[in-house]
Structures are given as structure tokens and as C-alpha cells.
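Undergrad: Provided herewith is a single structure, encoded as C-alpha cells, for subsequent inquiry.
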Amino acid sequence: MKRQTIKDVAKEAGVSTAAISYVLNGKEWKVSPTTLVKIKDAIIHLNYIPNFSARSLVNKRSKLIGVVIPQTEEHSQLLLDNPFYSEIVSGIESELRHRGYHLILSGVNKGEGYLDTTLQRDLDGAIITGIYYEPFYEELKKIKIPIVLIDSYIRGGNFKNIGINDELGGFMATKHLIEQGHSKIALVTGTIKKDGVVEKRFLGYKSAFEESGMLYNPDYVFEDSVSYEYGVKAGRLIAQQYPEITAVFATSDMIALGVITGLQELGKHVPDDVSLVGFDDIPISRIFIPQLTTVRQDIKLKGIKAVQYLLQAIEEDATDDMEKMILPLELIQRQSVRRITS
């Protein structure tokens, strides 16, 4: 069967090939609504499949964006096991599709080089989540494509960054527990690495104690991995060995949900025995029992803004002067915190 061409679509729709090109390249606003309907009907009727390779040669663009999610801990996990990353990728993919681009998703194991075949492909740009100052950083600067980082505290290298104020988020969570009368507050968290998201939330946890004229107890800091499984382990440990702890700040909702399970396995209940605040507001935190009080960030918006930032650099060959875009946080109060009254 003869492959349909853009000229065939234009003839079927009764429009110019330029109008077809606008639609195929995500610039639908350049044609009228009536013309857009005609073009889409023609594409469906002819079963037209765009030849992206040919378009790449003409436009010198592949319309491919690499998305890299590195494993920053020793614990190997499936790429999208953590709903946080599923939310981010969902935001990225939907915005890329809307703009006529396609996504190549790759996970990278801890300790492996990030300049693998994914970044060596003919990409127009890349989005990378949660990287640290590592040997890879110097390699990354050699890549001659626009790159946007999500949740990274790396500065320089002409990288743009989309993130939140993680230290403020840690402060908000811990301060809320203090305001509810708690003083024996544990922190359950992933690995605390310098200049990382987890470290910033840990610093916020400490600063809430300092601002309230209290001292935090280092023995109440439980540090391992950002996972439900570690949350369960930490919850069991708190229930067994730290009966004085009345509240927990978990630096992710997945950890928090695990803590609830671990506590319950040993007869402790949230919030009657232990209050709990999480971080992220992933969808399951709203339907878990008890519903989780958490620091909300708009995870999908992070992905969407990263794409918008990146495509501005690709399509306009320029970005604004802002190095980092900070998105807002909000404390969402639900059922997992109980006020202590003297």
C-alpha cells in the first residue's frame, strides 16, 4: 500500500501543506478551528502516519525529549514504583504530546554513568530528576542540548531548575506537629545527602525545633530509603523501642504510609497513639485510612513547567534569566494528626 504523504492530506482537506505542517508540529493555533477539523478528519480518513524521521532531517529536530530518572540510593526499585515519579512523568508526557513532542524514558542505576544511549540519541533536549554533585555533573555539561533539572540543588552549568523550597516544606510539617502540642517528633526519611532534597527537608525539620526554642533528638532520625517498605520497618521500630515518640514527620508520603502500617502491626494507631505528617500529597494519601496530613506540592505541574521551560530553550534558542523556578507548597490537614492537650 502506498504511504500517504502530507500532500495527500492537504488535497483531502482542501488546505495548504503549510496548514498541515502547523498542525503536525503542535502549532494548531495558527489555523482556524474549521480548518483544524478538516485536517484531523483527513488524517483519520487517510490513516496518515507522520514521517518523523523525514521531518527531523528538514527541521533539524527529532521531536524527541529524553527523561532520565536516576536511582540515587542503593535500594533498587522499579522505575515507576514510586507514585511521585509516575505523577511527574504524567505531567511531562501530557505537555510534550500537546506540543507535538515525544518522550524517551530511562532509569539509571546508582553509580552508573548517565551519558548512556538515551542521552546519546538524537534528542532535542532532556529533563533529569533529582541529581547531585557527582562526577556525572561535569559530563553533563558537555552535552550540547538544552537540559532542565527537576528537584536538584546543582547550580551553574547553564541548567534551568524546577523545584520547591524543600527546607520550608520540612519546617511547615514539623512546625504543625509542634503547634499541635508534640515535642517528641521523629523524622523518617531517605538517605540524607549533601545538597539534596532530603537534606533540605531535614534542615527544615531541625529549624522548626530551633524556631520553637526546642532541641531535636538525633536518635529520633530514622534514615534509609524513600520507600513504603522502609516506612514499615521504621514504624515497627518506633512502636517497639520509642514509646515516648508521639509524632512523625516522613519526608515522603510513601514513607508515611509505610510508617502507619508498621505502627498498626504492633498495635499503635494513627493518630490516637502517633500523629503523622507526610510530604507530596500523592493521590493515595487522600484515600488511605486515615487520610494523610501532608505538605502538598503540585507534582504534575513540575513536569509541565519543566517541558515549557525546555521547549522555550529549544524553539526560541533562549530562556529567561531565572535559574530556578520555585513552585508553591501548602499544608493539607486531614486525619493523621491529633492535638495533644495538657
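Residue numbering restarts at 1 in every chain; chains get A, B, ... in the order shown in the C-alpha cells, and ligands count up from 1 in that same order.
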Could you name the residues that touch segment 219-230 of chain A at 10 Å or less, counting only C-alpha atoms, but leaving out those on the same chain fewer than 6 positions away, as a PyMOL selection string?
TA: chain A and resi 72-75+77+81-82+184-192+198+202+236-238+242+245+248-262
Undergrad: Tell me which protein, DNA and RNA residues are within 12 Å of His269 of chain A, counting only C-alpha atoms, leaving out same-chain ones fewer than 3 positions away, and put them as a list in words.
TA: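 Counting only C-alpha atoms, the residues come to Gly235, Arg236, Ala239, Thr246, Ala247, Val259, Ile260, Thr261, Gly262, Leu263, Gln264, Glu265, Leu266, Asp272, Asp273, Val274, Ser275, Leu276, Ile289, Pro290, Gln335, Ser336, Val337 and Arg338 of chain A.
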Undergrad: What lies within 7 Å of Ile304 of chain A using only C-alpha atoms, ignoring chain neighbours under 6 positions off, as number ranges by chain?
TA: A: 91-92, 95
